[in-house]
Amino acid sequence: MKITPLFLSLAMAGMCSHAMASAVDQNSYANINDVITTHLNLDLDVDFADKQLEGFVEHTLAWQNVNSRHLVLDTRDLDIDKVMYKTQKGRWKKADFALAKRDDVKGSKLTITFSSQAQKVRIYYNSRPEASGLQWLTPEQTASKTHPFMYSQSQAIHARSWLPVQDTPAMRVTYTARIQTPKDIRAVMSADNKDALYKDGDYHFTMPQAISPYLIAIGAGNLEFKAMSKQTGIFAEPEILDASVAEFNDTQAMIDKTNEMYGDYAWGRYDLLMLPPSFPFGGMENPRLSFITPTVVAGDKSLVNLIAHELAHSWSGNLVTNATWEDLWLNEGFTSYVENRIMEEVFGRDRAVMEQALDAAGLRAQLNTIDAPDTRLNLKLNGRDPDDAFSSVPYTKGQLFLIYLENQYGREKFDAFVKTYFDEFAFKSLTTAQFVTYIEANLIEKYPGVVSMDKVNEWIFEPGLPSDAPNPTSDAFDKVDAAKTAWLQGSTTAAQLPTANWTVHEWLHFLNNLPRDLSIEKMTELDREFNLTQATNAERAFAWYMLAVGNGYQPIYPALDKHLTSIGRRKLIVPLYKALITNGKREWAHKIYINARPGYHPLAQGTIDNLFSK
Ligand code: BES
Ligand code: ZN
């Protein structure tokens, strides 16, 4: 059977220049024109003492080129022990392999050479403690303080640091795994987790649906499970399990609404894994098991759009996947759009619009700080690590593009288009150029005279925002603005601000829009009235600290120290370090960082090391 990745067959059929340029994944060494992996079988030991995964991975191969005798895999910082392969006749033999010199971005290319085309190949290896895609936590760094914890974060190009693999999202594999841990530890994966319900240190997983390698995921720690509904549940350390279940018990309603809008959820169960606070992201859409930061457990469901977001990836991202990391907006832009539609269905239009407005304001502020070329939806990485081009552009500019189309065509027609798009590309990877071809035929030309292809191309290939981009506004925020102005002008006191019914969103809008030259008296008045320095909602605390750093308001420093030392979510710490540095607090920030750094994930460490080395 010859299986050609979809984007390759289209590229070979001769597409426009955009496709030819981006159909090659510059972030991977894999020779997928010659051979592709169709299935992976992992057999790994979780070794907490040496902070390594150790064992083998077996690739089942489908050859594409009859003349090839090489399999080229992506690796980074792996020790390769030996490579065995099974011939087409069923005999196991030793294979020659060469591990190339490490490239800072791509890692080390692993070239395996066979004397005849192998049916299966087994690579015996171990990861290293510094693996960029794993975090190893000591018991002290967890909620329980009694057991160690480890988890993977493979997106974008970190799967290769714990698994020799064709690490490109153009690929899809099914997988099975046997994972061994200490007996009192439970392991889970982005797969069927039935076997993980019985804790015995020996776990078997099956993922029968083909997924891209960046979605292969593992976590292990002192985990318990609690069901939320028939289809959903949570794995978490016991200390945070009940609070997480209470916070996220709308997950089933979110699934039901999304099924109605975009077609049935394709993955069976949908569970959540609560990670320690050092998780560098808000969430990660690992199939069947989203990984979630505990910083969104606010007690009032104010931050559950994160769950809507990771769930939405079950359609945009996991089902329909970006072919390269230059096409990330196909994952994140669609997901941000669907996320907000879910929020509207489950929590109402007012809240959904507030979330749009907050994100749009965040984007507009960020656009001024990013190099123009990186404000295009279709990114040009030019050899960079996708992490280095990460911004809210693929997310919020992508979302605004889709809101724009929805406004132009109306919900009914636009929803039908999105649903057909998900159906058409289900379990496939596509490039931006393929998307352009698809939207031209299935939306733009289908309903002539509504939106031009020039407009589509402007959104996707030009920097910044089109002049007629949607600018979401919220009545609730208008009221906040009026109250804010009255207080700033001195016609009311802080106590008279109508905050009694403010949601976290209104607070965020208020704090984000206060001037950065407020008097100490004004800052003190706010803090005294609303106890902002002691805020427990992580997003609200973050917004207040940003304001306080911008205004040189000193009383926050002990609380800010605690925030920076106990949380590793990049979005909630990196802007604070930047603000401290630009506001003359570099030395203080560095002292905090030296202390906090060992608790941060390698990705966060890399980002913040860069800030201080400038
Ligand atoms: N898939 C992303 C995280 C990601 C993107 C990791 C690119 C590595 C490279 C995840 O779904 C995400 O977007 N998380 C956001 C959620 C937010 C927008 C609601 C986050 O972590 O903040
Ligand atoms: Zn996302």
# chains A, B, ... in the order shown; residues from 1 in each chain; ligands from 1
$ residues_near_ligand --ligand "ligand 2" --cutoff "8 Å" --atoms "only C-alpha atoms and all ligand atoms" --output "list in words"
Gly283, Met284, Glu285, His309, Glu310, His313, Asn331, Glu332, Thr335, Ser336 and Tyr395 of chain A
$ write_last_selection --atoms "all heavy atoms" --output "JSON list (two decimals), in the first residue's frame"
[["chain", "number", "residue", "atom", "x", "y", "z"],
["A", 283, "GLY", "N", -2.95, 25.28, 28.40],
["A", 283, "GLY", "CA", -3.41, 23.93, 28.15],
["A", 283, "GLY", "C", -2.77, 23.38, 26.90],
["A", 283, "GLY", "O", -2.15, 24.11, 26.12],
["A", 284, "MET", "N", -2.88, 22.07, 26.74],
["A", 284, "MET", "CA", -2.36, 21.41, 25.54],
["A", 284, "MET", "C", -3.37, 20.33, 25.15],
["A", 284, "MET", "O", -3.75, 19.50, 25.97],
["A", 284, "MET", "CB", -0.98, 20.81, 25.81],
["A", 284, "MET", "CG", -0.40, 20.05, 24.62],
["A", 284, "MET", "SD", -0.13, 21.12, 23.18],
["A", 284, "MET", "CE", -0.39, 19.96, 21.85],
["A", 285, "GLU", "N", -3.74, 20.38, 23.86],
["A", 285, "GLU", "CA", -4.87, 19.59, 23.36],
["A", 285, "GLU", "C", -4.54, 18.13, 23.09],
["A", 285, "GLU", "O", -4.98, 17.58, 22.07],
["A", 285, "GLU", "CB", -5.40, 20.26, 22.09],
["A", 285, "GLU", "CG", -4.42, 20.25, 20.89],
["A", 285, "GLU", "CD", -3.50, 21.45, 20.81],
["A", 285, "GLU", "OE1", -3.21, 22.07, 21.85],
["A", 285, "GLU", "OE2", -3.05, 21.77, 19.69],
["A", 309, "HIS", "N", -11.23, 25.92, 24.64],
["A", 309, "HIS", "CA", -10.16, 26.02, 23.64],
["A", 309, "HIS", "C", -9.53, 24.65, 23.36],
["A", 309, "HIS", "O", -9.46, 24.22, 22.20],
["A", 309, "HIS", "CB", -9.09, 27.01, 24.14],
["A", 309, "HIS", "CG", -7.95, 27.19, 23.19],
["A", 309, "HIS", "ND1", -7.89, 28.22, 22.27],
["A", 309, "HIS", "CD2", -6.83, 26.45, 22.98],
["A", 309, "HIS", "CE1", -6.79, 28.10, 21.55],
["A", 309, "HIS", "NE2", -6.12, 27.03, 21.96],
["A", 310, "GLU", "N", -9.12, 23.97, 24.42],
["A", 310, "GLU", "CA", -8.46, 22.67, 24.20],
["A", 310, "GLU", "C", -9.44, 21.67, 23.59],
["A", 310, "GLU", "O", -9.07, 20.86, 22.74],
["A", 310, "GLU", "CB", -7.85, 22.14, 25.50],
["A", 310, "GLU", "CG", -6.84, 23.08, 26.18],
["A", 310, "GLU", "CD", -5.83, 23.72, 25.24],
["A", 310, "GLU", "OE1", -5.49, 23.13, 24.20],
["A", 310, "GLU", "OE2", -5.37, 24.85, 25.55],
["A", 313, "HIS", "N", -9.83, 22.07, 19.84],
["A", 313, "HIS", "CA", -8.76, 21.45, 19.06],
["A", 313, "HIS", "C", -9.10, 20.02, 18.63],
["A", 313, "HIS", "O", -8.45, 19.48, 17.74],
["A", 313, "HIS", "CB", -7.46, 21.42, 19.86],
["A", 313, "HIS", "CG", -6.63, 22.67, 19.78],
["A", 313, "HIS", "ND1", -6.18, 23.19, 18.58],
["A", 313, "HIS", "CD2", -6.13, 23.49, 20.75],
["A", 313, "HIS", "CE1", -5.44, 24.27, 18.82],
["A", 313, "HIS", "NE2", -5.41, 24.48, 20.13],
["A", 331, "ASN", "N", -4.51, 25.73, 13.00],
["A", 331, "ASN", "CA", -4.85, 25.12, 14.28],
["A", 331, "ASN", "C", -5.42, 26.15, 15.26],
["A", 331, "ASN", "O", -6.52, 25.98, 15.80],
["A", 331, "ASN", "CB", -3.60, 24.51, 14.93],
["A", 331, "ASN", "CG", -3.23, 23.13, 14.39],
["A", 331, "ASN", "OD1", -3.71, 22.73, 13.34],
["A", 331, "ASN", "ND2", -2.37, 22.44, 15.10],
["A", 332, "GLU", "N", -4.64, 27.19, 15.52],
["A", 332, "GLU", "CA", -4.98, 28.07, 16.65],
["A", 332, "GLU", "C", -6.04, 29.12, 16.31],
["A", 332, "GLU", "O", -6.84, 29.48, 17.17],
["A", 332, "GLU", "CB", -3.71, 28.75, 17.19],
["A", 332, "GLU", "CG", -2.66, 27.77, 17.73],
["A", 332, "GLU", "CD", -3.15, 26.89, 18.88],
["A", 332, "GLU", "OE1", -4.20, 27.22, 19.47],
["A", 332, "GLU", "OE2", -2.49, 25.88, 19.16],
["A", 335, "THR", "N", -9.29, 27.29, 16.22],
["A", 335, "THR", "CA", -9.61, 26.86, 17.58],
["A", 335, "THR", "C", -10.08, 28.03, 18.44],
["A", 335, "THR", "O", -11.03, 27.90, 19.22],
["A", 335, "THR", "CB", -8.39, 26.16, 18.22],
["A", 335, "THR", "OG1", -8.19, 24.94, 17.51],
["A", 335, "THR", "CG2", -8.62, 25.85, 19.68],
["A", 336, "SER", "N", -9.43, 29.18, 18.30],
["A", 336, "SER", "CA", -9.86, 30.36, 19.08],
["A", 336, "SER", "C", -11.28, 30.76, 18.67],
["A", 336, "SER", "O", -12.09, 31.15, 19.52],
["A", 336, "SER", "CB", -8.90, 31.53, 18.86],
["A", 336, "SER", "OG", -7.60, 31.15, 19.26],
["A", 395, "TYR", "N", -3.51, 33.06, 16.80],
["A", 395, "TYR", "CA", -4.72, 32.89, 17.61],
["A", 395, "TYR", "C", -5.76, 33.95, 17.27],
["A", 395, "TYR", "O", -6.83, 33.66, 16.74],
["A", 395, "TYR", "CB", -4.39, 33.02, 19.10],
["A", 395, "TYR", "CG", -3.58, 31.88, 19.67],
["A", 395, "TYR", "CD1", -2.21, 31.78, 19.44],
["A", 395, "TYR", "CD2", -4.18, 30.91, 20.44],
["A", 395, "TYR", "CE1", -1.48, 30.73, 19.98],
["A", 395, "TYR", "CE2", -3.46, 29.87, 20.98],
["A", 395, "TYR", "CZ", -2.11, 29.78, 20.75],
["A", 395, "TYR", "OH", -1.40, 28.74, 21.27]]
$ closest_atom_pairs --of "segment 190-303 of chain A" --to "segment 29-43 of chain A" --cutoff "12 Å" --atoms "only C-alpha atoms" --output "tab-separated table"
residue	atom	partner	partner_atom	distance
A:Asp202	CA	A:Asp43	CA	10.6
A:Tyr203	CA	A:Asp43	CA	10.0
A:His204	CA	A:Asp43	CA	9.3
A:Phe205	CA	A:Leu42	CA	9.3
A:Thr206	CA	A:Asn41	CA	9.2
A:Met207	CA	A:His39	CA	9.7
A:Pro208	CA	A:His39	CA	9.3
A:Gln209	CA	A:His39	CA	10.1
A:Ala210	CA	A:Thr38	CA	8.2
A:Ile211	CA	A:His39	CA	10.0
A:Ser212	CA	A:Thr38	CA	10.6
A:Pro213	CA	A:Leu40	CA	9.8
A:Ile216	CA	A:Leu40	CA	10.2
A:Ala217	CA	A:Leu42	CA	11.6
A:Ile218	CA	A:Leu42	CA	11.2
$ write_last_selection --atoms "all heavy atoms" --output "tab-separated table (two decimals), in the first residue's frame"
chain	number	residue	atom	x	y	z
A	202	ASP	N	2.19	-0.62	35.86
A	202	ASP	CA	2.40	-1.26	34.55
A	202	ASP	C	1.17	-0.94	33.70
A	202	ASP	O	0.09	-1.47	33.95
A	202	ASP	CB	2.57	-2.77	34.75
A	202	ASP	CG	2.99	-3.47	33.46
A	202	ASP	OD1	3.02	-2.80	32.41
A	202	ASP	OD2	3.27	-4.68	33.52
A	203	TYR	N	1.33	-0.09	32.71
A	203	TYR	CA	0.17	0.45	32.00
A	203	TYR	C	0.27	0.22	30.49
A	203	TYR	O	1.33	0.40	29.89
A	203	TYR	CB	0.05	1.95	32.29
A	203	TYR	CG	0.01	2.25	33.77
A	203	TYR	CD1	1.16	2.68	34.44
A	203	TYR	CD2	-1.15	2.05	34.51
A	203	TYR	CE1	1.13	2.94	35.81
A	203	TYR	CE2	-1.19	2.30	35.88
A	203	TYR	CZ	-0.04	2.73	36.52
A	203	TYR	OH	-0.07	2.97	37.87
A	204	HIS	N	-0.86	-0.15	29.92
A	204	HIS	CA	-0.92	-0.38	28.47
A	204	HIS	C	-1.89	0.62	27.85
A	204	HIS	O	-3.00	0.81	28.37
A	204	HIS	CB	-1.36	-1.81	28.19
A	204	HIS	CG	-0.33	-2.81	28.62
A	204	HIS	ND1	0.55	-3.39	27.74
A	204	HIS	CD2	-0.01	-3.30	29.84
A	204	HIS	CE1	1.36	-4.19	28.39
A	204	HIS	NE2	1.04	-4.16	29.67
A	205	PHE	N	-1.47	1.22	26.76
A	205	PHE	CA	-2.29	2.25	26.11
A	205	PHE	C	-2.46	1.92	24.63
A	205	PHE	O	-1.56	1.37	24.00
A	205	PHE	CB	-1.61	3.61	26.23
A	205	PHE	CG	-1.36	4.04	27.65
A	205	PHE	CD1	-0.13	3.80	28.25
A	205	PHE	CD2	-2.36	4.65	28.39
A	205	PHE	CE1	0.10	4.18	29.56
A	205	PHE	CE2	-2.14	5.03	29.70
A	205	PHE	CZ	-0.90	4.80	30.30
A	206	THR	N	-3.61	2.32	24.10
A	206	THR	CA	-3.86	2.17	22.67
A	206	THR	C	-4.41	3.48	22.14
A	206	THR	O	-5.33	4.06	22.74
A	206	THR	CB	-4.95	1.11	22.41
A	206	THR	OG1	-4.62	-0.05	23.18
A	206	THR	CG2	-5.00	0.74	20.94
A	207	MET	N	-3.85	3.95	21.04
A	207	MET	CA	-4.42	5.09	20.34
A	207	MET	C	-4.72	4.64	18.92
A	207	MET	O	-3.83	4.62	18.06
A	207	MET	CB	-3.43	6.27	20.35
A	207	MET	CG	-4.02	7.51	19.70
A	207	MET	SD	-5.67	7.86	20.38
A	207	MET	CE	-6.00	9.46	19.74
A	208	PRO	N	-5.96	4.21	18.66
A	208	PRO	CA	-6.28	3.60	17.37
A	208	PRO	C	-6.50	4.63	16.26
A	208	PRO	O	-6.59	4.25	15.09
A	208	PRO	CB	-7.58	2.84	17.65
A	208	PRO	CG	-8.21	3.58	18.79
A	208	PRO	CD	-7.10	4.18	19.59
A	209	GLN	N	-6.61	5.91	16.62
A	209	GLN	CA	-6.82	6.93	15.58
A	209	GLN	C	-5.49	7.59	15.25
A	209	GLN	O	-4.68	7.86	16.15
A	209	GLN	CB	-7.81	7.98	16.08
A	209	GLN	CG	-9.22	7.46	16.15
A	209	GLN	CD	-9.93	7.95	17.38
A	209	GLN	OE1	-9.35	7.98	18.47
A	209	GLN	NE2	-11.17	8.31	17.23
A	210	ALA	N	-5.28	7.85	13.96
A	210	ALA	CA	-4.00	8.41	13.54
A	210	ALA	C	-3.88	9.87	13.97
A	210	ALA	O	-4.77	10.68	13.70
A	210	ALA	CB	-3.85	8.28	12.04
A	211	ILE	N	-2.79	10.18	14.65
A	211	ILE	CA	-2.54	11.55	15.11
A	211	ILE	C	-1.13	11.98	14.73
A	211	ILE	O	-0.25	11.14	14.52
A	211	ILE	CB	-2.71	11.68	16.64
A	211	ILE	CG1	-1.77	10.71	17.37
A	211	ILE	CG2	-4.16	11.45	17.05
A	211	ILE	CD1	-1.68	10.94	18.87
A	212	SER	N	-0.90	13.28	14.69
A	212	SER	CA	0.44	13.78	14.40
A	212	SER	C	1.33	13.59	15.63
A	212	SER	O	0.83	13.63	16.77
A	212	SER	CB	0.38	15.25	14.00
A	212	SER	OG	-0.22	15.35	12.73
A	213	PRO	N	2.63	13.38	15.41
A	213	PRO	CA	3.53	13.05	16.53
A	213	PRO	C	3.54	14.10	17.65
A	213	PRO	O	3.79	13.75	18.80
A	213	PRO	CB	4.91	12.97	15.85
A	213	PRO	CG	4.61	12.59	14.44
A	213	PRO	CD	3.32	13.27	14.10
A	216	ILE	N	1.48	13.10	20.66
A	216	ILE	CA	1.79	11.96	21.54
A	216	ILE	C	2.22	12.54	22.89
A	216	ILE	O	3.07	13.42	22.95
A	216	ILE	CB	2.91	11.09	20.93
A	216	ILE	CG1	2.49	10.62	19.54
A	216	ILE	CG2	3.21	9.90	21.83
A	216	ILE	CD1	3.58	9.87	18.80
A	217	ALA	N	1.59	12.06	23.95
A	217	ALA	CA	1.82	12.71	25.24
A	217	ALA	C	1.76	11.70	26.36
A	217	ALA	O	1.05	10.70	26.29
A	217	ALA	CB	0.76	13.79	25.48
A	218	ILE	N	2.51	12.01	27.43
A	218	ILE	CA	2.55	11.15	28.60
A	218	ILE	C	2.61	12.00	29.87
A	218	ILE	O	3.19	13.09	29.86
A	218	ILE	CB	3.78	10.21	28.54
A	218	ILE	CG1	3.81	9.27	29.75
A	218	ILE	CG2	5.08	10.98	28.41
A	218	ILE	CD1	4.87	8.18	29.65
$ closest_residue --among "A:Ala118, A:Met171, A:Asn595, A:Gly568" --to "Lys89 of chain A" --atoms "only C-alpha atoms"
A:Ala118
$ closest_residue --among "A:Asn318, A:Thr473, A:Thr536, A:Thr485" --to "ligand 1" --atoms "only C-alpha atoms and all ligand atoms"
A:Asn318
$ residues_around --residues "Ala187 of chain A" --least-positions-apart "3" --cutoff "12 Å" --atoms "only C-alpha atoms" --output "PyMOL selection string"
chain A and resi 44-46+148-152+177-184+190-205+217-225+235-236+273
$ atom_distance --atom1 "atom CA of Thr321 of chain A" --atom2 "atom CA of Ala433 of chain A"
13.5 Å
$ closest_residue --among "A:Leu303, A:Ile234, A:Leu514, A:Met546" --to "ligand 1" --atoms "only C-alpha atoms and all ligand atoms"
A:Leu303
$ atom_distance --atom1 "atom CA of Glu521 of chain A" --atom2 "atom CA of Gln489 of chain A"
13.6 Å
$ residues_near_ligand --ligand "ligand 1" --cutoff "9 Å" --atoms "only C-alpha atoms and all ligand atoms" --output "number ranges by chain"
A: 153-157, 280-286, 290, 292-293, 303-313, 317, 325, 328, 331-332, 335-336, 339, 386-387, 390, 392, 395-396, 569-571
$ select_by_dssp --residues "segment 22-177 of chain A" --states "strand (DSSP E)" --output "ChimeraX atom specification"
/A:35-47,52-63,70-75,78-86,92-94,96-99,108-113,120-127,134-137,149-152,173-177
$ closest_residue --among "A:Ala143, A:Ala49, A:Met274, A:Ala170" --to "Glu239 of chain A" --atoms "only C-alpha atoms"
A:Ala143
$ closest_residue --among "A:Pro373, A:Pro472, A:Gly348, A:Pro169" --to "Ala323 of chain A" --atoms "only C-alpha atoms"
A:Pro169
$ residues_around --residues "segment 241-252 of chain A" --least-positions-apart "3" --cutoff "7 Å" --atoms "only C-alpha atoms" --output "JSON, numbers by chain"
{"A": [228, 229, 232, 234, 236, 237, 238, 255, 256, 297, 299, 300, 301, 304]}
$ atom_distance --atom1 "atom CA of Tyr175 of chain A" --atom2 "atom CA of Ser278 of chain A"
27.8 Å
$ closest_residue --among "A:Leu443, A:Leu215, A:Val72, A:Leu603" --to "Thr174 of chain A" --atoms "only C-alpha atoms"
A:Leu215
$ select_by_dssp --residues "segment 237-450 of chain A" --states "helix (DSSP H, G or I)" --output "number ranges by chain"
A: 238-247, 251-262, 294-296, 305-312, 325-347, 349-367, 372-375, 386-389, 393-409, 411-424, 432-444
